[in-house]
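This report concerns only the one structure given below.
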There are 2 protein chains.
Amino acid sequence: MKIKIFDVKQITKYVIKNSLKRIFLYRACLVRLKLMGVKKVFSYTLANETGVTADQVRKDFSEFGIKGNKRGGYEVEELLEKMENIFHRNKDHNLVLIGMGNMGLALSKYSRFVQRNMNIVATFDIDPFKQKIRSDIPVYSMGRLKEIIDRFRVKVAILAVPEISAQEVADELIRFGIKGIVNFAPVLLKVPADVVVNNVNLCDELESVIYYVHKMMKVDGLKNIEILYRDMKY
Amino acid sequence: MKIKIFDVKQITKYVIKNSLKRIFLYRACLVRLKLMGVKKVFSYTLANETGVTADQVRKDFSEFGIKGNKRGGYEVEELLEKMENIFHRNKDHNLVLIGMGNMGLALSKYSRFVQRNMNIVATFDIDPFKQKIRSDIPVYSMGRLKEIIDRFRVKVAILAVPEISAQEVADELIRFGIKGIVNFAPVLLKVPADVVVNNVNLCDELESVIYYVHKMMKVDGLKNIEILYRDMKY
DNA sequence: TTTTATATGTGAATCTTCTCACATAAATGC
DNA sequence: GCATTTATGTGAGAAGATTCACATATAAAA
């Protein structure tokens with residue numbers, strides 16, 4: 001039986017594909033190479049610089065419809081341009097940031113967003129006076145959320161509010177038309193199926209490193225293990 | 001030909017396994033359920049709460065050697081204890097944080113680390129006086145790095161320095177015995193094979209959301225598309 | 001105590017991602 | 001201009017992750 005979709009709120013299993021993450025790597029690498037004056041790269045150039053295999057680089061490009069020149073590699077400039085298009089980086093993206101605690105304040109001052117055409121047009125807090133002095137971006141009370149979202153046609157929000165109010169704020173954001181959320185609160189948000197949520201959990205990031213470090217040290221540090229020589233990449 | 005491994009510096013393809021990420025989800029969920037007074041859960045309880053399938057939950061548990069009671073589900077308390085062991089959360093973990101810019105300052109104030117037995121014992125900056133007033137944790141100059149790492153037996157570091165000095169600082173950390181790095185600088189660090197690096201790239205996190213939002217809106221918002229009804233989870 | 005109902009744990013099947021391998025195209029050399 | 005070299009692009013095969021399915025085991029019911 002087929003029926004129309006509701007705007008059912010649910011936890012959507014939303015995972016950023018590894019291939020997309022790798023494309024970001026390649027791009028970061030290309031930006032650096034471009035600054036160094038490099039005009040042309042090969043799949044193995046990017047592979048060496050990013051720690052993946054050359055095959056993988058080409059397969060990833062293939063997935064995203066990026067083509068190079070047979071035998072000639074890829075023009076750095078051209079490659080970057082194609083990526084700009086894929087990631088809609090040619091146009092500006094307006095963002096709102098909710099929650100001006102420590103993390104919110106730091107994010108509002110993070111200059112790299114602007115460098116990549118992502119502008120936090122306004123920040124919000126239940127107590128807008130709290131960080132007003134220290135912030136470079138206007139801090140509004142939550143009451144003005146709808147107005148700003150409409151005015152700047154904002155589609156993506158950064159959520160840096162305390163765990164306890166995260167769901168509530170997310171609901172509000174979605175009601176006002178937000179379609180994507182980068183969520184720094186350690187909660188799984190329940191959202192309609194057409195809203196994208198990307199959770200950034202700082203504790204988890206740390207804990208997984210601790211986990212792998214322990215695991216690695218148990219394998220005896222590799223110090224005395226004879227293994228096949230691997231090509232030196234540095 | 002087999003030869004002993006060098007401490008070759010290279011970019012290691014280090015990706016946190018999805019199964020590990022999911023285990024973190026389950027745990028967060030269990031902590032919440034425990035607070036609510038829940039004593040026992042079933043695989044489908046966790047599944048519903050985390051947006052994965054019940055099969056997946058059981059397979060993940062199986063991978064990490066977690067066993068429940070046939071027909072009886074899992075004791076919340078017992079499950080959490082097993083996870084504590086797996087993640088070495090029963091003992092304290094001392095960390096150092098390098099770079100007291102905006103992000104570093106925010107991280108140094110992030111109370112959740114302490115709640116999970118992760119203590120930032122000291123922070124470092126080339127200009128230790130910069131944030132001294134605002135910080136709750138001692139801010140040292142880089143010169144005292146070795147001393148502190150040794151004294152507190154630190155194995156994991158948080159790197160929040162500017163891109164330009166990230167590699168240099170990482171080299172130093174590793175020379176002083178650091179085995180795991182959570183790197184907030186948008187650079188791929190080149191490290192020996194026995195060092196774990198987890199990159200947290202805030203721009204990438206945002207950009208991938210923007211990418212998926214665009215993609216989703218292109219599929220026309222799902223608004224008028226007839227699709228199979230999905231179980232409401234909320 | 002015996003029966004029944006139900007949730008686990010895990011092989012087998014499927015689906016996805018990655019690696020391999022090679023045909024192909026195009027620069028370079030002769 | 002022809003031969004040769006070399007990097008691309010992509011099917012095919014391998015590896016890995018997820019889902020399915022069912023044989024347990026056991027808690028609850030009778």
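Each chain of the structure tokens is named A, B, ... in the order shown, its residues numbered from 1; ligands are numbered from 1 in display order.
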
Proximity check region 58-158 of chain B to region 200-212 of chain A, 9 Å, nearest pairs one decimal Å, only C-alpha atoms, as a tab-separated table:
residue	atom	partner	partner_atom	distance
B:Ile86	CA	A:Tyr211	CA	8.0
B:Phe87	CA	A:Tyr211	CA	5.6
B:His88	CA	A:Tyr211	CA	7.2
B:Arg89	CA	A:Glu207	CA	8.7
B:His93	CA	A:Ile210	CA	8.3
B:Leu107	CA	A:Leu202	CA	8.9
B:Arg112	CA	A:Cys203	CA	7.1
B:Phe113	CA	A:Cys203	CA	6.2
B:Arg116	CA	A:Cys203	CA	7.9
B:Met118	CA	A:Glu207	CA	8.6
B:Lys155	CA	A:Ile210	CA	8.4
B:Val156	CA	A:Ile210	CA	6.9
B:Ile158	CA	A:Leu206	CA	8.3

Write down as a tab-separated table (two decimals) with N, CA, C and O atoms, in the first residue's frame the residues of region 2-233 of chain B whose backbone DSSP state falls under alpha helix (DSSP H).
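The result, stored in result-v4.tsv:
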chain	number	residue	atom	x	y	z
B	18	ASN	N	32.43	2.56	11.52
B	18	ASN	CA	31.04	2.90	11.79
B	18	ASN	C	30.49	2.10	12.97
B	18	ASN	O	29.69	2.61	13.74
B	19	SER	N	30.96	0.87	13.08
B	19	SER	CA	30.46	0.05	14.19
B	19	SER	C	30.85	0.69	15.52
B	19	SER	O	30.07	0.69	16.46
B	20	LEU	N	32.04	1.25	15.59
B	20	LEU	CA	32.47	1.92	16.83
B	20	LEU	C	31.61	3.15	17.10
B	20	LEU	O	31.17	3.38	18.22
B	21	LYS	N	31.35	3.90	16.04
B	21	LYS	CA	30.50	5.09	16.20
B	21	LYS	C	29.14	4.69	16.73
B	21	LYS	O	28.56	5.37	17.58
B	22	ARG	N	28.62	3.58	16.20
B	22	ARG	CA	27.29	3.15	16.65
B	22	ARG	C	27.32	2.74	18.10
B	22	ARG	O	26.39	3.01	18.86
B	23	ILE	N	28.42	2.07	18.52
B	23	ILE	CA	28.54	1.69	19.93
B	23	ILE	C	28.45	2.94	20.80
B	23	ILE	O	27.79	2.93	21.85
B	24	PHE	N	29.05	4.02	20.38
B	24	PHE	CA	28.94	5.27	21.12
B	24	PHE	C	27.49	5.72	21.22
B	24	PHE	O	27.04	6.20	22.25
B	25	LEU	N	26.77	5.56	20.11
B	25	LEU	CA	25.35	5.91	20.11
B	25	LEU	C	24.60	5.10	21.15
B	25	LEU	O	23.83	5.64	21.95
B	26	TYR	N	24.83	3.79	21.11
B	26	TYR	CA	24.11	2.92	22.04
B	26	TYR	C	24.40	3.34	23.47
B	26	TYR	O	23.52	3.41	24.31
B	27	ARG	N	25.66	3.64	23.72
B	27	ARG	CA	26.03	4.01	25.08
B	27	ARG	C	25.33	5.28	25.53
B	27	ARG	O	24.77	5.34	26.62
B	28	ALA	N	25.38	6.29	24.65
B	28	ALA	CA	24.73	7.56	25.00
B	28	ALA	C	23.27	7.31	25.34
B	28	ALA	O	22.73	7.84	26.32
B	29	CYS	N	22.68	6.44	24.53
B	29	CYS	CA	21.28	6.09	24.72
B	29	CYS	C	21.08	5.37	26.05
B	29	CYS	O	20.14	5.66	26.80
B	30	LEU	N	21.97	4.45	26.36
B	30	LEU	CA	21.86	3.69	27.61
B	30	LEU	C	22.00	4.60	28.83
B	30	LEU	O	21.30	4.42	29.82
B	31	VAL	N	22.91	5.54	28.73
B	31	VAL	CA	23.10	6.48	29.85
B	31	VAL	C	21.79	7.20	30.12
B	31	VAL	O	21.36	7.34	31.27
B	32	ARG	N	21.15	7.63	29.06
B	32	ARG	CA	19.88	8.35	29.19
B	32	ARG	C	18.81	7.45	29.80
B	32	ARG	O	18.11	7.82	30.73
B	33	LEU	N	18.72	6.23	29.28
B	33	LEU	CA	17.71	5.29	29.77
B	33	LEU	C	17.94	4.97	31.25
B	33	LEU	O	16.99	4.88	32.02
B	34	LYS	N	19.22	4.85	31.61
B	34	LYS	CA	19.53	4.55	33.01
B	34	LYS	C	19.02	5.67	33.92
B	34	LYS	O	18.41	5.40	34.96
B	35	LEU	N	19.25	6.91	33.48
B	35	LEU	CA	18.77	8.06	34.26
B	35	LEU	C	17.25	8.03	34.41
B	35	LEU	O	16.70	8.48	35.42
B	43	SER	N	17.40	-5.47	22.01
B	43	SER	CA	18.12	-4.93	20.84
B	43	SER	C	17.24	-3.94	20.09
B	43	SER	O	17.72	-2.92	19.61
B	44	TYR	N	15.93	-4.21	20.03
B	44	TYR	CA	15.07	-3.30	19.28
B	44	TYR	C	14.80	-2.00	20.02
B	44	TYR	O	14.47	-0.99	19.41
B	45	THR	N	14.96	-2.03	21.37
B	45	THR	CA	14.85	-0.77	22.11
B	45	THR	C	15.94	0.19	21.61
B	45	THR	O	15.67	1.32	21.20
B	46	LEU	N	17.16	-0.29	21.68
B	46	LEU	CA	18.30	0.52	21.25
B	46	LEU	C	18.18	0.88	19.78
B	46	LEU	O	18.51	1.99	19.37
B	47	ALA	N	17.68	-0.07	18.99
B	47	ALA	CA	17.51	0.18	17.56
B	47	ALA	C	16.60	1.38	17.32
B	47	ALA	O	16.95	2.32	16.61
B	48	ASN	N	15.44	1.35	17.96
B	48	ASN	CA	14.49	2.44	17.78
B	48	ASN	C	15.06	3.77	18.24
B	48	ASN	O	14.81	4.79	17.62
B	49	GLU	N	15.79	3.73	19.32
B	49	GLU	CA	16.32	4.96	19.89
B	49	GLU	C	17.46	5.55	19.08
B	49	GLU	O	17.78	6.72	19.22
B	50	THR	N	18.12	4.71	18.29
B	50	THR	CA	19.32	5.20	17.60
B	50	THR	C	19.17	5.21	16.08
B	50	THR	O	20.10	5.62	15.38
B	54	ALA	N	17.62	-3.61	14.56
B	54	ALA	CA	17.91	-4.45	15.72
B	54	ALA	C	19.01	-5.46	15.40
B	54	ALA	O	19.86	-5.76	16.24
B	55	ASP	N	19.00	-5.95	14.18
B	55	ASP	CA	20.04	-6.89	13.74
B	55	ASP	C	21.41	-6.25	13.87
B	55	ASP	O	22.36	-6.86	14.35
B	56	GLN	N	21.46	-5.01	13.43
B	56	GLN	CA	22.71	-4.27	13.46
B	56	GLN	C	23.22	-4.14	14.89
B	56	GLN	O	24.40	-4.34	15.15
B	57	VAL	N	22.32	-3.82	15.79
B	57	VAL	CA	22.71	-3.70	17.20
B	57	VAL	C	23.34	-5.00	17.68
B	57	VAL	O	24.43	-5.00	18.26
B	58	ARG	N	22.68	-6.11	17.38
B	58	ARG	CA	23.20	-7.39	17.87
B	58	ARG	C	24.53	-7.74	17.20
B	58	ARG	O	25.46	-8.21	17.86
B	59	LYS	N	24.63	-7.47	15.91
B	59	LYS	CA	25.90	-7.74	15.21
B	59	LYS	C	27.02	-6.88	15.79
B	59	LYS	O	28.14	-7.36	16.00
B	60	ASP	N	26.72	-5.64	16.06
B	60	ASP	CA	27.73	-4.75	16.64
B	60	ASP	C	28.18	-5.28	18.00
B	60	ASP	O	29.38	-5.34	18.29
B	61	PHE	N	27.23	-5.66	18.80
B	61	PHE	CA	27.56	-6.23	20.12
B	61	PHE	C	28.44	-7.45	19.95
B	61	PHE	O	29.43	-7.62	20.65
B	62	SER	N	28.07	-8.27	19.00
B	62	SER	CA	28.82	-9.48	18.72
B	62	SER	C	30.27	-9.13	18.35
B	62	SER	O	31.22	-9.74	18.85
B	63	GLU	N	30.44	-8.10	17.52
B	63	GLU	CA	31.78	-7.68	17.10
B	63	GLU	C	32.63	-7.27	18.30
B	63	GLU	O	33.82	-7.57	18.35
B	76	VAL	N	20.76	-2.93	31.58
B	76	VAL	CA	21.34	-1.64	31.25
B	76	VAL	C	22.67	-1.44	31.99
B	76	VAL	O	23.70	-1.11	31.38
B	77	GLU	N	22.62	-1.67	33.27
B	77	GLU	CA	23.80	-1.46	34.12
B	77	GLU	C	24.99	-2.29	33.63
B	77	GLU	O	26.10	-1.78	33.45
B	78	GLU	N	24.71	-3.57	33.38
B	78	GLU	CA	25.74	-4.52	32.98
B	78	GLU	C	26.33	-4.12	31.62
B	78	GLU	O	27.54	-4.17	31.40
B	79	LEU	N	25.44	-3.71	30.72
B	79	LEU	CA	25.84	-3.32	29.37
B	79	LEU	C	26.78	-2.13	29.42
B	79	LEU	O	27.84	-2.11	28.78
B	80	LEU	N	26.40	-1.16	30.23
B	80	LEU	CA	27.24	0.04	30.36
B	80	LEU	C	28.61	-0.31	30.93
B	80	LEU	O	29.62	0.21	30.48
B	81	GLU	N	28.60	-1.23	31.88
B	81	GLU	CA	29.87	-1.64	32.49
B	81	GLU	C	30.80	-2.28	31.46
B	81	GLU	O	31.97	-1.97	31.39
B	82	LYS	N	30.21	-3.16	30.64
B	82	LYS	CA	31.00	-3.81	29.60
B	82	LYS	C	31.58	-2.78	28.65
B	82	LYS	O	32.73	-2.87	28.22
B	83	MET	N	30.78	-1.78	28.31
B	83	MET	CA	31.26	-0.75	27.39
B	83	MET	C	32.37	0.07	28.03
B	83	MET	O	33.34	0.41	27.39
B	84	GLU	N	32.20	0.35	29.32
B	84	GLU	CA	33.24	1.09	30.04
B	84	GLU	C	34.58	0.37	29.88
B	84	GLU	O	35.61	0.99	29.64
B	85	ASN	N	34.53	-0.95	30.03
B	85	ASN	CA	35.75	-1.73	29.91
B	85	ASN	C	36.33	-1.66	28.51
B	85	ASN	O	37.52	-1.44	28.32
B	86	ILE	N	35.46	-1.86	27.53
B	86	ILE	CA	35.93	-1.83	26.14
B	86	ILE	C	36.60	-0.50	25.83
B	86	ILE	O	37.63	-0.44	25.17
B	102	ASN	N	40.50	30.59	19.73
B	102	ASN	CA	39.07	30.51	20.05
B	102	ASN	C	38.63	29.08	20.30
B	102	ASN	O	37.98	28.78	21.28
B	103	MET	N	39.04	28.20	19.37
B	103	MET	CA	38.61	26.81	19.49
B	103	MET	C	39.24	26.16	20.71
B	103	MET	O	38.56	25.48	21.48
B	104	GLY	N	40.53	26.37	20.89
B	104	GLY	CA	41.23	25.80	22.04
B	104	GLY	C	40.58	26.21	23.36
B	104	GLY	O	40.35	25.38	24.24
B	105	LEU	N	40.27	27.48	23.44
B	105	LEU	CA	39.64	27.99	24.67
B	105	LEU	C	38.30	27.30	24.92
B	105	LEU	O	38.01	26.85	26.04
B	106	ALA	N	37.50	27.18	23.85
B	106	ALA	CA	36.19	26.53	23.99
B	106	ALA	C	36.36	25.08	24.43
B	106	ALA	O	35.66	24.60	25.32
B	107	LEU	N	37.32	24.39	23.83
B	107	LEU	CA	37.55	22.99	24.18
B	107	LEU	C	38.02	22.85	25.62
B	107	LEU	O	37.63	21.93	26.33
B	108	SER	N	38.84	23.79	26.06
B	108	SER	CA	39.35	23.72	27.43
B	108	SER	C	38.22	23.90	28.45
B	108	SER	O	38.34	23.49	29.60
B	111	SER	N	32.91	20.94	29.46
B	111	SER	CA	32.81	20.18	30.71
B	111	SER	C	32.59	18.68	30.49
B	111	SER	O	32.85	17.88	31.37
B	112	ARG	N	32.11	18.33	29.31
B	112	ARG	CA	31.76	16.95	29.07
B	112	ARG	C	32.98	16.01	29.08
B	112	ARG	O	32.86	14.81	29.37
B	113	PHE	N	34.13	16.54	28.71
B	113	PHE	CA	35.34	15.71	28.74
B	113	PHE	C	35.55	15.17	30.16
B	113	PHE	O	35.79	13.98	30.35
B	114	VAL	N	35.45	16.05	31.12
B	114	VAL	CA	35.67	15.65	32.51
B	114	VAL	C	34.65	14.62	32.93
B	114	VAL	O	34.98	13.62	33.57
B	115	GLN	N	33.41	14.84	32.53
B	115	GLN	CA	32.34	13.90	32.87
B	115	GLN	C	32.64	12.50	32.38
B	115	GLN	O	32.12	11.53	32.90
B	145	LEU	N	56.21	21.50	27.56
B	145	LEU	CA	55.42	20.39	27.02
B	145	LEU	C	55.93	19.03	27.50
B	145	LEU	O	55.18	18.24	28.07
B	146	LYS	N	57.22	18.80	27.30
B	146	LYS	CA	57.79	17.49	27.65
B	146	LYS	C	57.59	17.17	29.13
B	146	LYS	O	57.16	16.08	29.49
B	147	GLU	N	57.89	18.15	29.94
B	147	GLU	CA	57.76	17.99	31.39
B	147	GLU	C	56.35	17.51	31.78
B	147	GLU	O	56.19	16.53	32.52
B	148	ILE	N	55.35	18.20	31.25
B	148	ILE	CA	53.96	17.87	31.60
B	148	ILE	C	53.55	16.51	31.06
B	148	ILE	O	52.92	15.70	31.76
B	149	ILE	N	53.90	16.24	29.81
B	149	ILE	CA	53.56	14.94	29.21
B	149	ILE	C	54.15	13.81	30.04
B	149	ILE	O	53.48	12.81	30.30
B	150	ASP	N	55.38	13.97	30.46
B	150	ASP	CA	56.03	12.95	31.28
B	150	ASP	C	55.35	12.82	32.64
B	150	ASP	O	55.00	11.73	33.06
B	151	ARG	N	55.18	13.95	33.27
B	151	ARG	CA	54.64	13.93	34.63
B	151	ARG	C	53.27	13.25	34.69
B	151	ARG	O	53.00	12.45	35.57
B	163	GLU	N	46.73	26.12	11.26
B	163	GLU	CA	47.14	25.21	10.19
B	163	GLU	C	48.66	25.21	9.97
B	163	GLU	O	49.29	24.16	9.87
B	164	ILE	N	49.22	26.40	9.93
B	164	ILE	CA	50.62	26.56	9.55
B	164	ILE	C	51.59	25.87	10.49
B	164	ILE	O	52.61	25.33	10.06
B	165	SER	N	51.23	25.79	11.78
B	165	SER	CA	52.17	25.19	12.73
B	165	SER	C	51.77	23.80	13.17
B	165	SER	O	52.44	23.18	14.00
B	166	ALA	N	50.67	23.28	12.61
B	166	ALA	CA	50.13	22.00	13.08
B	166	ALA	C	51.14	20.86	12.94
B	166	ALA	O	51.36	20.10	13.90
B	167	GLN	N	51.77	20.74	11.78
B	167	GLN	CA	52.70	19.63	11.57
B	167	GLN	C	53.89	19.72	12.52
B	167	GLN	O	54.28	18.72	13.14
B	168	GLU	N	54.40	20.90	12.65
B	168	GLU	CA	55.55	21.12	13.54
B	168	GLU	C	55.23	20.71	14.98
B	168	GLU	O	55.98	19.98	15.62
B	169	VAL	N	54.08	21.17	15.46
B	169	VAL	CA	53.67	20.84	16.83
B	169	VAL	C	53.43	19.34	16.96
B	169	VAL	O	53.82	18.72	17.95
B	170	ALA	N	52.80	18.75	15.95
B	170	ALA	CA	52.54	17.31	15.99
B	170	ALA	C	53.85	16.54	16.11
B	170	ALA	O	53.97	15.60	16.90
B	171	ASP	N	54.85	16.95	15.33
B	171	ASP	CA	56.16	16.30	15.39
B	171	ASP	C	56.71	16.32	16.82
B	171	ASP	O	57.21	15.31	17.32
B	172	GLU	N	56.58	17.48	17.44
B	172	GLU	CA	57.08	17.64	18.79
B	172	GLU	C	56.34	16.72	19.76
B	172	GLU	O	56.95	16.01	20.56
B	173	LEU	N	55.01	16.73	19.65
B	173	LEU	CA	54.18	15.89	20.51
B	173	LEU	C	54.61	14.44	20.42
B	173	LEU	O	54.75	13.75	21.43
B	174	ILE	N	54.80	13.98	19.18
B	174	ILE	CA	55.14	12.58	18.97
B	174	ILE	C	56.52	12.29	19.52
B	174	ILE	O	56.75	11.24	20.12
B	175	ARG	N	57.44	13.23	19.37
B	175	ARG	CA	58.78	13.06	19.93
B	175	ARG	C	58.71	12.88	21.45
B	175	ARG	O	59.49	12.14	22.04
B	202	LEU	N	35.85	21.23	10.77
B	202	LEU	CA	34.55	21.86	10.93
B	202	LEU	C	33.96	22.33	9.60
B	202	LEU	O	32.76	22.18	9.37
B	203	CYS	N	34.79	22.86	8.72
B	203	CYS	CA	34.29	23.28	7.42
B	203	CYS	C	33.70	22.10	6.65
B	203	CYS	O	32.62	22.20	6.08
B	204	ASP	N	34.42	21.00	6.66
B	204	ASP	CA	33.94	19.82	5.96
B	204	ASP	C	32.59	19.36	6.51
B	204	ASP	O	31.70	18.96	5.75
B	205	GLU	N	32.45	19.41	7.81
B	205	GLU	CA	31.20	18.97	8.42
B	205	GLU	C	30.05	19.82	7.91
B	205	GLU	O	28.97	19.31	7.58
B	206	LEU	N	30.29	21.12	7.85
B	206	LEU	CA	29.27	22.03	7.34
B	206	LEU	C	29.01	21.82	5.85
B	206	LEU	O	27.87	21.73	5.41
B	207	GLU	N	30.09	21.74	5.12
B	207	GLU	CA	29.94	21.63	3.67
B	207	GLU	C	29.21	20.36	3.26
B	207	GLU	O	28.43	20.38	2.31
B	208	SER	N	29.47	19.28	3.99
B	208	SER	CA	28.78	18.05	3.60
B	208	SER	C	27.29	18.18	3.85
B	208	SER	O	26.48	17.66	3.07
B	209	VAL	N	26.92	18.90	4.90
B	209	VAL	CA	25.48	19.12	5.12
B	209	VAL	C	24.90	19.95	3.98
B	209	VAL	O	23.86	19.61	3.42
B	210	ILE	N	25.61	21.00	3.62
B	210	ILE	CA	25.14	21.84	2.51
B	210	ILE	C	24.98	20.99	1.25
B	210	ILE	O	23.98	21.07	0.54
B	211	TYR	N	25.97	20.14	1.01
B	211	TYR	CA	25.92	19.26	-0.17
B	211	TYR	C	24.68	18.38	-0.16
B	211	TYR	O	23.95	18.32	-1.14
B	212	TYR	N	24.42	17.72	0.97
B	212	TYR	CA	23.28	16.82	1.04
B	212	TYR	C	21.95	17.56	1.01
B	212	TYR	O	20.96	17.05	0.47
B	213	VAL	N	21.92	18.76	1.58
B	213	VAL	CA	20.69	19.56	1.53
B	213	VAL	C	20.35	19.91	0.08
B	213	VAL	O	19.22	19.74	-0.36
B	214	HIS	N	21.36	20.34	-0.66
B	214	HIS	CA	21.14	20.64	-2.08
B	214	HIS	C	20.64	19.43	-2.83
B	214	HIS	O	19.70	19.50	-3.61
B	215	LYS	N	21.27	18.31	-2.58
B	215	LYS	CA	20.93	17.07	-3.24
B	215	LYS	C	19.47	16.70	-2.95
B	215	LYS	O	18.72	16.32	-3.83
B	216	MET	N	19.12	16.84	-1.67
B	216	MET	CA	17.79	16.48	-1.21
B	216	MET	C	16.74	17.40	-1.84
B	216	MET	O	15.67	16.94	-2.25
B	217	MET	N	17.07	18.68	-1.94
B	217	MET	CA	16.09	19.62	-2.48
B	217	MET	C	15.91	19.40	-3.99
B	217	MET	O	14.84	19.64	-4.51
B	218	LYS	N	16.96	18.88	-4.62
B	218	LYS	CA	16.86	18.58	-6.04
B	218	LYS	C	15.87	17.45	-6.27
B	218	LYS	O	15.19	17.41	-7.28

Write down, as a list in words, each residue of chain B that has any atom within 7 Å of an atom of chain C, counting only C-alpha atoms (C1' of nucleotides).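 The contacting residues on chain B are Asn69, Lys70, Arg71, Gly72 and Gly73 of chain B.
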
Interatomic distance, CA of Val182 (chain A) to CA of Asp194 (chain A) (Å, one decimal):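 If I compute the distance from CA of Val182 (chain A) to CA of Asp194 (chain A), I get 14.6 Å.
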
Kindly provide, as a PyMOL selection string, the residues of chain D having any atom no farther than 8 Å from an atom of chain B, counting only C-alpha atoms (C1' of nucleotides). chain D and resi 18-19+25-27

Tell me, which residues of region 131-192 of chain B carry DSSP strand (DSSP E or B), written as a PyMOL selection string? chain B and resi 139-140+156-159+180-183+191

For the residues in that selection, give me all heavy atoms as a short mmCIF file (atom, residue, chain, number, x, y, z; two decimals), in the first residue's frame.
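Dumped everything to again-v6.cif:
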data_model
loop_
_atom_site.label_atom_id
_atom_site.label_comp_id
_atom_site.auth_asym_id
_atom_site.auth_seq_id
_atom_site.Cartn_x
_atom_site.Cartn_y
_atom_site.Cartn_z
N VAL B 139 47.68 27.50 31.55
CA VAL B 139 48.19 27.68 30.19
C VAL B 139 49.71 27.83 30.27
O VAL B 139 50.20 28.76 30.91
CB VAL B 139 47.60 28.95 29.53
CG1 VAL B 139 48.00 29.03 28.06
CG2 VAL B 139 46.09 28.99 29.66
N TYR B 140 50.42 26.90 29.64
CA TYR B 140 51.88 26.94 29.70
C TYR B 140 52.47 27.33 28.36
O TYR B 140 51.80 27.23 27.32
CB TYR B 140 52.43 25.56 30.09
CG TYR B 140 52.03 25.09 31.47
CD1 TYR B 140 51.45 23.85 31.64
CD2 TYR B 140 52.25 25.90 32.59
CE1 TYR B 140 51.09 23.40 32.91
CE2 TYR B 140 51.89 25.45 33.86
CZ TYR B 140 51.31 24.20 34.01
OH TYR B 140 50.95 23.77 35.25
N VAL B 156 47.50 11.15 24.75
CA VAL B 156 46.63 11.72 23.72
C VAL B 156 46.61 13.25 23.84
O VAL B 156 46.52 13.79 24.94
CB VAL B 156 45.20 11.16 23.84
CG1 VAL B 156 44.26 11.84 22.85
CG2 VAL B 156 45.19 9.65 23.62
N ALA B 157 46.67 13.90 22.68
CA ALA B 157 46.68 15.36 22.66
C ALA B 157 45.59 15.90 21.75
O ALA B 157 45.20 15.26 20.77
CB ALA B 157 48.04 15.87 22.16
N ILE B 158 45.09 17.06 22.12
CA ILE B 158 44.15 17.79 21.27
C ILE B 158 44.93 18.91 20.61
O ILE B 158 45.57 19.71 21.30
CB ILE B 158 42.98 18.37 22.09
CG1 ILE B 158 42.26 17.27 22.86
CG2 ILE B 158 42.01 19.10 21.17
CD1 ILE B 158 41.25 17.81 23.86
N LEU B 159 44.88 18.95 19.29
CA LEU B 159 45.67 19.93 18.55
C LEU B 159 44.73 20.98 17.97
O LEU B 159 43.92 20.68 17.09
CB LEU B 159 46.44 19.21 17.44
CG LEU B 159 47.61 19.93 16.78
CD1 LEU B 159 48.63 20.36 17.82
CD2 LEU B 159 48.25 19.03 15.75
N GLY B 180 48.29 9.54 20.25
CA GLY B 180 47.00 9.82 19.61
C GLY B 180 46.75 11.31 19.56
O GLY B 180 47.05 12.02 20.52
N ILE B 181 46.23 11.79 18.43
CA ILE B 181 45.99 13.23 18.26
C ILE B 181 44.60 13.45 17.69
O ILE B 181 44.23 12.83 16.70
CB ILE B 181 47.03 13.85 17.30
CG1 ILE B 181 48.45 13.75 17.88
CG2 ILE B 181 46.69 15.31 17.00
CD1 ILE B 181 49.55 14.18 16.93
N VAL B 182 43.85 14.31 18.34
CA VAL B 182 42.61 14.81 17.73
C VAL B 182 42.96 16.16 17.13
O VAL B 182 43.27 17.11 17.85
CB VAL B 182 41.47 14.96 18.74
CG1 VAL B 182 40.21 15.48 18.07
CG2 VAL B 182 41.20 13.64 19.43
N ASN B 183 42.95 16.21 15.81
CA ASN B 183 43.49 17.37 15.11
C ASN B 183 42.39 18.27 14.54
O ASN B 183 41.65 17.87 13.66
CB ASN B 183 44.39 16.88 13.97
CG ASN B 183 44.85 18.01 13.08
OD1 ASN B 183 45.08 19.13 13.54
ND2 ASN B 183 44.97 17.71 11.79
N VAL B 191 52.54 11.34 10.16
CA VAL B 191 52.96 10.79 11.45
C VAL B 191 53.44 9.35 11.27
O VAL B 191 53.11 8.70 10.28
CB VAL B 191 51.79 10.80 12.46
CG1 VAL B 191 51.26 12.21 12.68
CG2 VAL B 191 50.67 9.88 12.02
#

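Of the residues under consideration (B:Gln10, B:Asn117, B:Ser141, B:Asn199), B:Gln10 shows the shortest atom-to-atom contact distance to chain A when counting only C-alpha atoms.
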
Residue with smallest distance to chain B - pool A:Arg144, A:Lys67, A:Lys39, A:Lys17, counting only C-alpha atoms: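 Of all the options, A:Lys17 lies closest to chain B.
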
Residue among A:Leu97, A:Tyr110, A:Asp92, A:Ile133 lying closest to chain B, counting only C-alpha atoms: A:Tyr110

The residue from A:Ala185, A:Ile120, A:Val197, A:Val96 with the smallest atom-to-atom distance to chain B, counting only C-alpha atoms, is A:Val197

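Shell of Pro162 (chain A) at 9 Å, with only C-alpha atoms (C1' of nucleotides) counted and residues fewer than 5 places along the chain excluded, is Gly99, Gly101, Phe184, Ala185 and Pro186 of chain A.
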
What is the distance between CA of Phe152 (chain B) and CA of Lys130 (chain B), in Å to one decimal?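 These atoms are spaced 24.0 Å apart.
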
Counting only C-alpha atoms, figure out which residue out of B:Phe129, B:Ile11, B:Leu95, B:Ser135 gets nearest to chain A.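 Smallest distance to chain A is found for B:Ile11.
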
Straight-line distance linking CA of Gly177 (chain A) with CA of Arg153 (chain A), stated in Å to one decimal: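 Going from CA of Gly177 (chain A) over to CA of Arg153 (chain A), I get 8.9 Å.
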